$ cat data_36.cif   # mmCIF, C-alpha atoms
data_target
loop_
_atom_site.label_atom_id
_atom_site.label_comp_id
_atom_site.auth_asym_id
_atom_site.auth_seq_id
_atom_site.Cartn_x
_atom_site.Cartn_y
_atom_site.Cartn_z
CA MET M 1443 121.25 124.33 109.93
CA CYS M 1444 118.56 122.55 107.84
CA ARG M 1445 115.21 120.97 108.71
CA HIS M 1446 114.27 117.38 108.04
CA LEU M 1447 111.63 114.74 108.65
CA ALA M 1448 111.11 111.01 108.27
CA TYR M 1449 107.75 109.25 107.99
CA LEU M 1450 106.88 105.56 108.23
CA GLY M 1451 103.34 104.25 108.07
CA PRO M 1452 100.42 103.74 105.72
CA PRO M 1453 100.96 105.28 102.27
CA VAL M 1454 100.30 109.01 102.31
CA ASN M 1455 100.32 111.68 99.66
CA LEU M 1456 103.62 113.59 99.69
CA ARG M 1457 101.67 116.82 99.67
CA ALA M 1458 100.17 115.85 103.05
CA LEU M 1459 103.68 115.66 104.51
CA LEU M 1460 105.45 118.53 102.76
CA PHE M 1461 102.85 121.21 102.04
CA ASP M 1462 99.57 120.77 103.91
CA PRO M 1463 100.45 120.92 107.64
CA PRO M 1464 100.24 124.43 109.14
CA HIS M 1465 103.97 124.37 109.94
CA SER M 1466 104.99 122.13 107.04
CA LEU M 1467 108.54 121.48 105.91
CA VAL M 1468 107.96 124.00 103.11
CA ARG M 1469 106.99 126.64 105.67
CA GLN M 1470 109.98 125.73 107.80
CA SER M 1471 112.20 126.54 104.84
CA TRP M 1472 111.38 130.23 105.20
CA GLN M 1473 109.94 130.47 108.73
CA PRO M 1474 111.64 127.93 111.02
CA ARG M 1475 110.84 128.14 114.72
CA ASP M 1476 113.97 126.68 116.28
CA MET M 1477 117.21 127.16 114.36
CA ARG M 1478 119.23 127.70 117.59
CA GLY M 1479 121.63 130.14 116.02
CA GLY M 1480 122.11 128.06 112.88
CA GLY M 1481 120.82 130.65 110.40
CA THR M 1482 117.42 132.12 109.72
CA ILE M 1483 116.08 130.36 106.60
CA ASN M 1484 116.66 127.09 104.75
CA ALA M 1485 116.99 128.19 101.14
CA ASP M 1486 120.12 126.35 99.92
CA GLY M 1487 118.43 123.34 98.40
CA PHE M 1488 116.09 120.53 99.33
CA GLY M 1489 115.46 116.88 98.75
CA VAL M 1490 112.73 114.29 99.07
CA GLY M 1491 113.28 110.54 99.06
CA TRP M 1492 110.48 107.98 99.06
CA TYR M 1493 110.03 104.24 98.61
CA PRO M 1494 107.74 103.14 95.76
CA GLY M 1495 106.38 99.88 97.12
CA GLU M 1496 109.14 97.44 97.99
CA ASN M 1497 111.61 99.04 95.58
CA ASP M 1498 114.71 101.04 96.48
CA PRO M 1499 114.06 104.72 97.15
CA VAL M 1500 113.65 107.46 94.57
CA CYS M 1501 115.19 110.87 95.29
CA TYR M 1502 114.26 114.31 94.01
CA ARG M 1503 116.93 116.91 94.94
CA ARG M 1504 117.46 120.48 93.86
CA ALA M 1505 119.85 123.32 94.75
CA ARG M 1506 117.11 125.97 94.84
CA PRO M 1507 114.73 126.88 97.68
CA ILE M 1508 111.89 124.39 98.00
CA TRP M 1509 109.33 127.20 97.69
CA GLY M 1510 110.70 128.13 94.26
CA ASP M 1511 110.53 124.69 92.67
CA ARG M 1512 107.67 124.54 90.17
CA THR M 1513 107.79 120.76 89.70
CA LEU M 1514 107.56 119.58 93.30
CA PRO M 1515 103.93 120.59 94.06
CA ALA M 1516 102.60 118.60 91.11
CA LEU M 1517 104.93 115.69 91.86
CA ALA M 1518 103.83 115.66 95.51
CA GLU M 1519 100.18 115.78 94.47
CA VAL M 1520 100.38 112.49 92.56
CA THR M 1521 102.92 110.57 94.64
CA THR M 1522 102.12 108.39 97.64
CA ALA M 1523 104.51 106.41 99.81
CA GLY M 1524 104.64 104.64 103.14
CA ALA M 1525 108.21 105.74 103.85
CA VAL M 1526 109.60 109.24 103.22
CA LEU M 1527 112.68 111.24 104.18
CA ALA M 1528 112.75 114.93 103.25
CA ALA M 1529 114.98 117.90 104.07
CA VAL M 1530 115.47 121.59 103.38
CA ARG M 1531 119.02 122.95 103.58
CA SER M 1532 120.76 125.92 105.12
CA ALA M 1533 124.36 125.61 103.95
CA THR M 1534 127.15 126.36 106.38
CA VAL M 1535 129.18 129.37 105.21
CA GLY M 1536 131.86 128.24 102.78
CA MET M 1537 130.23 124.94 101.83
CA ALA M 1538 128.98 124.15 98.37
CA VAL M 1539 125.43 125.00 97.33
CA GLN M 1540 124.69 122.36 94.70
CA GLU M 1541 122.14 119.66 94.07
CA CYS M 1542 124.33 116.80 95.23
CA ALA M 1543 124.93 118.54 98.58
CA ALA M 1544 121.23 118.40 99.49
CA ALA M 1545 119.86 115.54 101.56
CA PRO M 1546 118.78 112.85 101.37
CA PHE M 1547 121.93 111.01 100.46
CA ALA M 1548 121.23 107.51 99.20
CA GLU M 1549 122.70 104.08 98.60
CA GLY M 1550 120.68 100.93 98.01
CA ARG M 1551 117.86 100.86 100.55
CA TRP M 1552 119.34 103.66 102.65
CA LEU M 1553 118.37 107.33 102.86
CA PHE M 1554 120.31 109.72 105.11
CA SER M 1555 120.00 113.32 106.27
CA HIS M 1556 121.99 115.57 108.64
CA ASN M 1557 120.65 118.63 110.41
CA GLY M 1558 123.54 120.53 111.98
CA VAL M 1559 127.21 121.37 111.55
CA VAL M 1560 130.57 119.76 112.23
CA ARG M 1561 132.61 122.27 114.21
CA GLY M 1562 136.10 123.04 112.99
CA TRP M 1563 135.38 121.58 109.54
CA PRO M 1564 137.41 120.22 107.85
CA ASP M 1565 140.46 120.14 110.14
CA SER M 1566 138.63 118.63 113.11
CA VAL M 1567 137.70 115.47 111.22
CA VAL M 1568 140.77 114.94 109.03
CA SER M 1569 141.82 111.88 111.04
CA LEU M 1570 138.34 110.35 110.70
CA ALA M 1571 138.29 110.94 106.96
CA ALA M 1572 141.76 109.42 106.64
CA ALA M 1573 140.45 106.12 107.98
CA LEU M 1574 137.97 105.78 105.10
CA PRO M 1575 138.81 103.99 101.85
CA VAL M 1576 140.34 106.45 99.40
CA ARG M 1577 137.62 105.64 96.86
CA ASP M 1578 134.96 106.78 99.31
CA LEU M 1579 136.70 110.13 99.70
CA LEU M 1580 137.11 110.55 95.94
CA THR M 1581 133.42 109.89 95.38
CA LEU M 1582 131.84 112.00 98.13
CA ASP M 1583 128.55 113.49 96.99
CA ALA M 1584 129.84 116.98 97.82
CA PRO M 1585 132.69 118.69 99.75
CA THR M 1586 130.53 119.17 102.86
CA ASP M 1587 130.39 117.97 106.44
CA SER M 1588 127.08 116.18 105.82
CA ALA M 1589 128.51 114.22 102.90
CA LEU M 1590 131.46 113.11 105.03
CA LEU M 1591 129.12 112.08 107.85
CA TRP M 1592 127.24 109.95 105.33
CA ALA M 1593 130.51 108.36 104.17
CA LEU M 1594 131.51 107.54 107.76
CA LEU M 1595 128.10 106.04 108.51
CA ARG M 1596 127.84 104.22 105.20
CA HIS M 1597 131.25 102.61 105.80
CA ARG M 1598 129.85 101.02 108.98
CA LEU M 1599 126.64 99.94 107.28
CA ARG M 1600 128.60 98.28 104.48
CA ALA M 1601 130.55 96.36 107.12
CA GLY M 1602 127.30 94.96 108.48
CA VAL M 1603 127.05 97.03 111.65
CA ASP M 1604 123.52 97.29 113.06
CA PRO M 1605 121.99 100.57 111.79
CA ALA M 1606 121.29 102.03 115.24
CA GLU M 1607 124.78 101.10 116.42
CA ALA M 1608 126.31 102.52 113.25
CA VAL M 1609 124.52 105.84 113.71
CA ALA M 1610 125.40 106.03 117.41
CA ALA M 1611 129.05 105.19 116.83
CA THR M 1612 129.35 107.75 114.05
CA VAL M 1613 127.83 110.51 116.17
CA VAL M 1614 129.98 109.71 119.20
CA GLU M 1615 133.12 109.57 117.07
CA VAL M 1616 132.46 112.89 115.37
CA ALA M 1617 131.34 114.60 118.59
CA ARG M 1618 134.62 113.64 120.25
CA ALA M 1619 136.70 114.84 117.31
CA ALA M 1620 134.70 118.05 116.84
CA PRO M 1621 133.21 119.17 120.19
CA GLY M 1622 130.20 121.43 119.95
CA SER M 1623 129.00 119.90 116.69
CA ARG M 1624 125.28 119.68 116.00
CA LEU M 1625 124.55 116.14 114.92
CA ASN M 1626 120.88 115.46 114.31
CA LEU M 1627 120.91 112.50 111.92
CA LEU M 1628 118.11 110.58 110.23
CA LEU M 1629 118.68 107.20 108.59
CA THR M 1630 116.02 104.92 107.12
CA ASP M 1631 115.72 101.82 104.99
CA GLY M 1632 111.98 102.32 104.52
CA ARG M 1633 111.09 100.00 107.40
CA THR M 1634 112.93 101.51 110.38
CA VAL M 1635 114.18 105.03 111.02
CA VAL M 1636 117.07 105.94 113.31
CA GLY M 1637 117.42 109.52 114.55
CA THR M 1638 119.73 111.41 116.90
CA ALA M 1639 119.39 114.63 118.86
CA VAL M 1640 122.75 116.26 119.53
CA GLY M 1641 122.93 120.02 119.84
CA HIS M 1642 119.62 120.60 118.13
CA ALA M 1643 115.93 119.81 118.41
CA LEU M 1644 114.23 116.61 117.30
CA SER M 1645 110.63 115.61 117.94
CA VAL M 1646 108.70 112.40 117.43
CA ARG M 1647 105.01 111.73 116.99
CA ALA M 1648 103.67 108.18 117.08
CA THR M 1649 100.11 107.39 116.07
CA PRO M 1650 98.52 103.95 115.57
CA GLY M 1651 100.54 102.40 112.76
CA ALA M 1652 102.67 105.45 111.88
CA VAL M 1653 105.56 107.54 113.17
CA VAL M 1654 107.14 110.88 112.24
CA LEU M 1655 110.53 112.17 113.36
CA ALA M 1656 111.14 115.84 112.58
CA SER M 1657 113.35 118.79 113.44
CA GLU M 1658 110.19 120.68 114.34
CA PRO M 1659 106.58 119.58 114.85
CA HIS M 1660 104.65 120.42 111.70
CA ASP M 1661 101.38 120.99 113.55
CA ASP M 1662 100.03 121.54 117.07
CA ASP M 1663 99.09 117.92 117.70
CA PRO M 1664 99.68 117.22 121.43
CA GLY M 1665 101.14 113.85 120.50
CA TRP M 1666 104.51 115.38 119.57
CA ARG M 1667 107.28 114.57 122.06
CA PRO M 1668 110.72 116.21 122.16
CA VAL M 1669 113.70 113.86 122.04
CA PRO M 1670 116.13 114.74 124.86
CA ASP M 1671 119.55 115.93 123.76
CA GLY M 1672 122.12 113.16 123.56
CA GLN M 1673 119.72 110.38 122.62
CA VAL M 1674 119.32 108.02 119.69
CA VAL M 1675 115.81 106.98 118.65
CA VAL M 1676 114.90 103.81 116.76
CA ALA M 1677 111.36 103.80 115.38
CA THR M 1678 109.06 101.64 113.29
CA PRO M 1679 105.38 102.32 112.57
CA THR M 1680 104.50 100.47 115.78
CA VAL M 1681 107.45 100.85 118.19
CA VAL M 1682 109.59 103.81 119.30
CA ARG M 1683 112.65 103.24 121.50
CA ALA M 1684 115.24 105.74 122.74
CA ARG M 1685 118.47 105.51 124.69
CA ALA M 1686 121.45 107.66 125.60
CA LEU M 1687 124.22 108.02 123.04
CA TRP M 1688 127.06 108.56 125.45
CA GLY M 1689 128.28 105.27 126.74
CA ALA M 1690 126.53 103.55 123.82
#

$ encode --input "data_36.cif" --output "structure tokens"
Amino acid sequence: MCRHLAYLGPPVNLRALLFDPPHSLVRQSWQPRDMRGGGTINADGFGVGWYPGENDPVCYRRARPIWGDRTLPALAEVTTAGAVLAAVRSATVGMAVQECAAAPFAEGRWLFSHNGVVRGWPDSVVSLAAALPVRDLLTLDAPTDSALLWALLRHRLRAGVDPAEAVAATVVEVARAAPGSRLNLLLTDGRTVVGTAVGHALSVRATPGAVVLASEPHDDDPGWRPVPDGQVVVATPTVVRARALWGA
């Protein structure tokens, strides 16, 4: 299934997000609490994207388990950022396990992650893929459902669609084409994060000046709130709004 998180707020050390919490993303890679039938561990790659100041994001992605990467702990120790998107991957059977298949996917200011699965892949979404520019299909990051979701969403963003509307429309479109899909998406430009809860868990924790959206709470802070299934969340460090996807 995968696990992911997005953080916006005052600059923090990456180690404080990825390693230090008692149920950190690293721990979730080998001991997730709520996979809902989507596997047992998340060992098929990982990625971390962060925004150095006002610059476009930097991504560090690997095809190995996050716990086996010898570079990441030192990198996380010396890197701080006020906007981060990170994920650990559990590949759907039959899909590629390679560095470019690990989230976050990136273009310009955007970082994107998908926690879930598109049911009936690839046949269920052939008609959706056919509506994309051929170049987008030829340059997919990887032959996976997550990479296609990113291409569908990115196509809307390039056309100038509002990010929250683009995410909602993509989820609704794919859910109709592939019923039963799990479509927990995270999209950020470093200032706002958009997340969806469809078929899987998503939680949000807002503190003064900061917000975290995550597949699972990484600690026992009572401030964590579950996002109801079928909702899209739009969050900044100071405001969190949610609404229903269906009928969006």

$ resolve_selection --input "data_36.cif" --expression "the PyMOL selection byres ((chain M and resi 1675) around 8)" --output "JSON, numbers by chain"
{"M": [1636, 1637, 1638, 1669, 1673, 1674, 1676, 1677, 1682, 1683, 1684, 1685]}

$ write_last_selection --input "data_36.cif" --atoms "C-alpha atoms" --output "JSON list (two decimals), in the frame of the given file"
[["chain", "number", "residue", "atom", "x", "y", "z"],
["M", 1636, "VAL", "CA", 117.07, 105.94, 113.31],
["M", 1637, "GLY", "CA", 117.42, 109.52, 114.55],
["M", 1638, "THR", "CA", 119.73, 111.41, 116.90],
["M", 1669, "VAL", "CA", 113.70, 113.86, 122.04],
["M", 1673, "GLN", "CA", 119.72, 110.38, 122.62],
["M", 1674, "VAL", "CA", 119.32, 108.02, 119.69],
["M", 1676, "VAL", "CA", 114.90, 103.81, 116.76],
["M", 1677, "ALA", "CA", 111.36, 103.80, 115.38],
["M", 1682, "VAL", "CA", 109.59, 103.81, 119.30],
["M", 1683, "ARG", "CA", 112.65, 103.24, 121.50],
["M", 1684, "ALA", "CA", 115.24, 105.74, 122.74],
["M", 1685, "ARG", "CA", 118.47, 105.51, 124.69]]

$ closest_residue --input "data_36.cif" --among "M:Leu1687, M:Ala1608, M:Val1646, M:Ala1593" --to "M:Arg1667" --atoms "all atoms listed in the file"
M:Val1646

$ residues_around --input "data_36.cif" --residues "M:Ser1532" --least-positions-apart "6" --cutoff "7 Å" --atoms "all atoms listed in the file" --output "PyMOL selection string"
chain M and resi 1443-1444+1483-1486

$ write_last_selection --input "data_36.cif" --atoms "C-alpha atoms" --output "mmCIF file, keeping the file's coordinate frame"
data_model
loop_
_atom_site.group_PDB
_atom_site.id
_atom_site.type_symbol
_atom_site.label_atom_id
_atom_site.label_comp_id
_atom_site.auth_asym_id
_atom_site.auth_seq_id
_atom_site.Cartn_x
_atom_site.Cartn_y
_atom_site.Cartn_z
ATOM 1 C CA MET M 1443 121.250 124.330 109.930
ATOM 2 C CA CYS M 1444 118.560 122.550 107.840
ATOM 3 C CA ILE M 1483 116.080 130.360 106.600
ATOM 4 C CA ASN M 1484 116.660 127.090 104.750
ATOM 5 C CA ALA M 1485 116.990 128.190 101.140
ATOM 6 C CA ASP M 1486 120.120 126.350 99.920
#

$ residues_near_point --input "data_36.cif" --point "(109.3, 109.2, 111.8)" --cutoff "7 Å" --atoms "all atoms listed in the file" --output "PyMOL selection string"
chain M and resi 1447-1450+1635+1646+1653-1656+1677

$ closest_residue --input "data_36.cif" --among "M:Ser1466, M:Ser1645, M:Ser1623, M:Thr1482" --to "M:Arg1531" --atoms "all atoms listed in the file"
M:Thr1482

$ resolve_selection --input "data_36.cif" --expression "the PyMOL selection byres ((chain M and resi 1493) around 12)" --output "MDAnalysis selection string"
chainID M and resid 1448:1454 1456 1490:1492 1494:1502 1521:1528 1548 1550:1553 1630:1633

$ atom_distance --input "data_36.cif" --atom1 "atom CA of M:Leu1460" --atom2 "atom CA of M:Asp1604"
29.7 Å

$ closest_residue --input "data_36.cif" --among "M:Gln1540, M:Arg1596, M:Thr1581, M:Arg1647" --to "M:Asp1662" --atoms "all atoms listed in the file"
M:Arg1647

$ resolve_selection --input "data_36.cif" --expression "the PyMOL selection byres ((chain M and resi 1590) around 10)" --output "PyMOL selection string"
chain M and resi 1560+1564+1567+1570-1571+1574+1578-1579+1582-1589+1591-1596

$ closest_residue --input "data_36.cif" --among "M:Pro1621, M:Glu1658, M:Arg1561, M:Leu1517" --to "M:His1465" --atoms "all atoms listed in the file"
M:Glu1658

$ closest_residue --input "data_36.cif" --among "M:Gly1622, M:His1556, M:Val1681, M:His1660" --to "M:Gln1473" --atoms "only C-alpha atoms"
M:His1660

$ closest_residue --input "data_36.cif" --among "M:Glu1615, M:Glu1519, M:Glu1607, M:Asp1671" --to "M:Val1640" --atoms "only C-alpha atoms"
M:Asp1671

$ residues_around --input "data_36.cif" --residues "M:Trp1688" --least-positions-apart "6" --cutoff "9 Å" --atoms "only C-alpha atoms" --output "CSV table (one decimal) with C-alpha atoms, keeping the file's coordinate frame"
chain,number,residue,atom,x,y,z
M,1610,ALA,CA,125.4,106.0,117.4
M,1614,VAL,CA,130.0,109.7,119.2
M,1672,GLY,CA,122.1,113.2,123.6
M,1673,GLN,CA,119.7,110.4,122.6

$ residues_around --input "data_36.cif" --residues "M:Pro1650" --least-positions-apart "2" --cutoff "8 Å" --atoms "all atoms listed in the file" --output "NGL selection string"
:M and (1648 or 1652 or 1679-1680)

$ write_last_selection --input "data_36.cif" --atoms "C-alpha atoms" --output "mmCIF file, in the frame of the given file"
data_model
loop_
_atom_site.group_PDB
_atom_site.id
_atom_site.type_symbol
_atom_site.label_atom_id
_atom_site.label_comp_id
_atom_site.auth_asym_id
_atom_site.auth_seq_id
_atom_site.Cartn_x
_atom_site.Cartn_y
_atom_site.Cartn_z
ATOM 1 C CA ALA M 1648 103.670 108.180 117.080
ATOM 2 C CA ALA M 1652 102.670 105.450 111.880
ATOM 3 C CA PRO M 1679 105.380 102.320 112.570
ATOM 4 C CA THR M 1680 104.500 100.470 115.780
#

$ atom_distance --input "data_36.cif" --atom1 "atom CA of M:Phe1547" --atom2 "atom CA of M:Pro1463"
24.7 Å

$ atom_distance --input "data_36.cif" --atom1 "atom CA of M:Ala1458" --atom2 "atom CA of M:Glu1541"
24.0 Å

$ residues_near_point --input "data_36.cif" --point "(109.8, 120.5, 106.4)" --cutoff "7 Å" --atoms "only C-alpha atoms" --output "PyMOL selection string"
chain M and resi 1445-1447+1460+1466-1471+1529-1530

$ build_atoms --input "data_36.cif" --residues "stretch 1520-1531 of chain M" --atoms "all heavy atoms" --output "PDB file, in the coordinates of the input"
ATOM      1  N   VAL M1520     100.706 113.785  93.179  1.00  0.00           N
ATOM      2  CA  VAL M1520     100.380 112.490  92.560  1.00  0.00           C
ATOM      3  C   VAL M1520     101.209 111.337  93.097  1.00  0.00           C
ATOM      4  O   VAL M1520     101.113 110.224  92.593  1.00  0.00           O
ATOM      5  CB  VAL M1520     100.550 112.575  91.026  1.00  0.00           C
ATOM      6  CG1 VAL M1520      99.622 113.621  90.444  1.00  0.00           C
ATOM      7  CG2 VAL M1520     102.000 112.874  90.644  1.00  0.00           C
ATOM      8  N   THR M1521     102.037 111.602  94.115  1.00  0.00           N
ATOM      9  CA  THR M1521     102.920 110.570  94.640  1.00  0.00           C
ATOM     10  C   THR M1521     102.518 110.185  96.054  1.00  0.00           C
ATOM     11  O   THR M1521     102.323 111.046  96.912  1.00  0.00           O
ATOM     12  CB  THR M1521     104.385 111.078  94.657  1.00  0.00           C
ATOM     13  OG1 THR M1521     104.765 111.454  93.336  1.00  0.00           O
ATOM     14  CG2 THR M1521     105.318 109.984  95.148  1.00  0.00           C
ATOM     15  N   THR M1522     102.390 108.894  96.301  1.00  0.00           N
ATOM     16  CA  THR M1522     102.120 108.390  97.640  1.00  0.00           C
ATOM     17  C   THR M1522     103.204 107.403  98.027  1.00  0.00           C
ATOM     18  O   THR M1522     103.772 106.714  97.176  1.00  0.00           O
ATOM     19  CB  THR M1522     100.744 107.708  97.737  1.00  0.00           C
ATOM     20  OG1 THR M1522     100.720 106.594  96.834  1.00  0.00           O
ATOM     21  CG2 THR M1522      99.628 108.677  97.385  1.00  0.00           C
ATOM     22  N   ALA M1523     103.486 107.334  99.322  1.00  0.00           N
ATOM     23  CA  ALA M1523     104.510 106.410  99.810  1.00  0.00           C
ATOM     24  C   ALA M1523     104.291 106.163 101.287  1.00  0.00           C
ATOM     25  O   ALA M1523     103.767 107.012 102.008  1.00  0.00           O
ATOM     26  CB  ALA M1523     105.907 106.978  99.562  1.00  0.00           C
ATOM     27  N   GLY M1524     104.726 104.992 101.739  1.00  0.00           N
ATOM     28  CA  GLY M1524     104.640 104.640 103.140  1.00  0.00           C
ATOM     29  C   GLY M1524     105.921 104.891 103.904  1.00  0.00           C
ATOM     30  O   GLY M1524     105.984 104.629 105.112  1.00  0.00           O
ATOM     31  N   ALA M1525     106.942 105.399 103.211  1.00  0.00           N
ATOM     32  CA  ALA M1525     108.210 105.740 103.850  1.00  0.00           C
ATOM     33  C   ALA M1525     108.806 106.924 103.103  1.00  0.00           C
ATOM     34  O   ALA M1525     108.980 106.861 101.882  1.00  0.00           O
ATOM     35  CB  ALA M1525     109.172 104.563 103.837  1.00  0.00           C
ATOM     36  N   VAL M1526     109.126 107.989 103.833  1.00  0.00           N
ATOM     37  CA  VAL M1526     109.600 109.240 103.220  1.00  0.00           C
ATOM     38  C   VAL M1526     110.664 109.855 104.106  1.00  0.00           C
ATOM     39  O   VAL M1526     110.544 109.850 105.342  1.00  0.00           O
ATOM     40  CB  VAL M1526     108.441 110.251 103.039  1.00  0.00           C
ATOM     41  CG1 VAL M1526     108.947 111.551 102.412  1.00  0.00           C
ATOM     42  CG2 VAL M1526     107.317 109.650 102.220  1.00  0.00           C
ATOM     43  N   LEU M1527     111.706 110.391 103.488  1.00  0.00           N
ATOM     44  CA  LEU M1527     112.680 111.240 104.180  1.00  0.00           C
ATOM     45  C   LEU M1527     112.846 112.492 103.346  1.00  0.00           C
ATOM     46  O   LEU M1527     113.125 112.404 102.143  1.00  0.00           O
ATOM     47  CB  LEU M1527     114.014 110.530 104.382  1.00  0.00           C
ATOM     48  CG  LEU M1527     114.978 111.164 105.393  1.00  0.00           C
ATOM     49  CD1 LEU M1527     115.957 110.136 105.936  1.00  0.00           C
ATOM     50  CD2 LEU M1527     115.759 112.335 104.802  1.00  0.00           C
ATOM     51  N   ALA M1528     112.679 113.658 103.976  1.00  0.00           N
ATOM     52  CA  ALA M1528     112.750 114.930 103.250  1.00  0.00           C
ATOM     53  C   ALA M1528     113.530 115.937 104.073  1.00  0.00           C
ATOM     54  O   ALA M1528     113.547 115.878 105.307  1.00  0.00           O
ATOM     55  CB  ALA M1528     111.354 115.455 102.947  1.00  0.00           C
ATOM     56  N   ALA M1529     114.162 116.901 103.375  1.00  0.00           N
ATOM     57  CA  ALA M1529     114.980 117.900 104.070  1.00  0.00           C
ATOM     58  C   ALA M1529     115.030 119.192 103.265  1.00  0.00           C
ATOM     59  O   ALA M1529     114.959 119.173 102.034  1.00  0.00           O
ATOM     60  CB  ALA M1529     116.396 117.367 104.271  1.00  0.00           C
ATOM     61  N   VAL M1530     115.150 120.298 103.988  1.00  0.00           N
ATOM     62  CA  VAL M1530     115.470 121.590 103.380  1.00  0.00           C
ATOM     63  C   VAL M1530     116.789 122.038 103.991  1.00  0.00           C
ATOM     64  O   VAL M1530     117.068 121.791 105.166  1.00  0.00           O
ATOM     65  CB  VAL M1530     114.363 122.636 103.604  1.00  0.00           C
ATOM     66  CG1 VAL M1530     113.121 122.255 102.815  1.00  0.00           C
ATOM     67  CG2 VAL M1530     114.020 122.796 105.085  1.00  0.00           C
ATOM     68  N   ARG M1531     117.631 122.720 103.195  1.00  0.00           N
ATOM     69  CA  ARG M1531     119.020 122.950 103.580  1.00  0.00           C
ATOM     70  C   ARG M1531     119.339 124.405 103.823  1.00  0.00           C
ATOM     71  O   ARG M1531     118.936 125.283 103.054  1.00  0.00           O
ATOM     72  CB  ARG M1531     119.950 122.391 102.495  1.00  0.00           C
ATOM     73  CG  ARG M1531     121.440 122.520 102.823  1.00  0.00           C
ATOM     74  CD  ARG M1531     122.310 121.805 101.808  1.00  0.00           C
ATOM     75  NE  ARG M1531     123.711 121.883 102.167  1.00  0.00           N
ATOM     76  CZ  ARG M1531     124.675 122.431 101.430  1.00  0.00           C
ATOM     77  NH1 ARG M1531     124.367 122.909 100.219  1.00  0.00           N
ATOM     78  NH2 ARG M1531     125.913 122.492 101.855  1.00  0.00           N
TER      79      ARG M1531
END
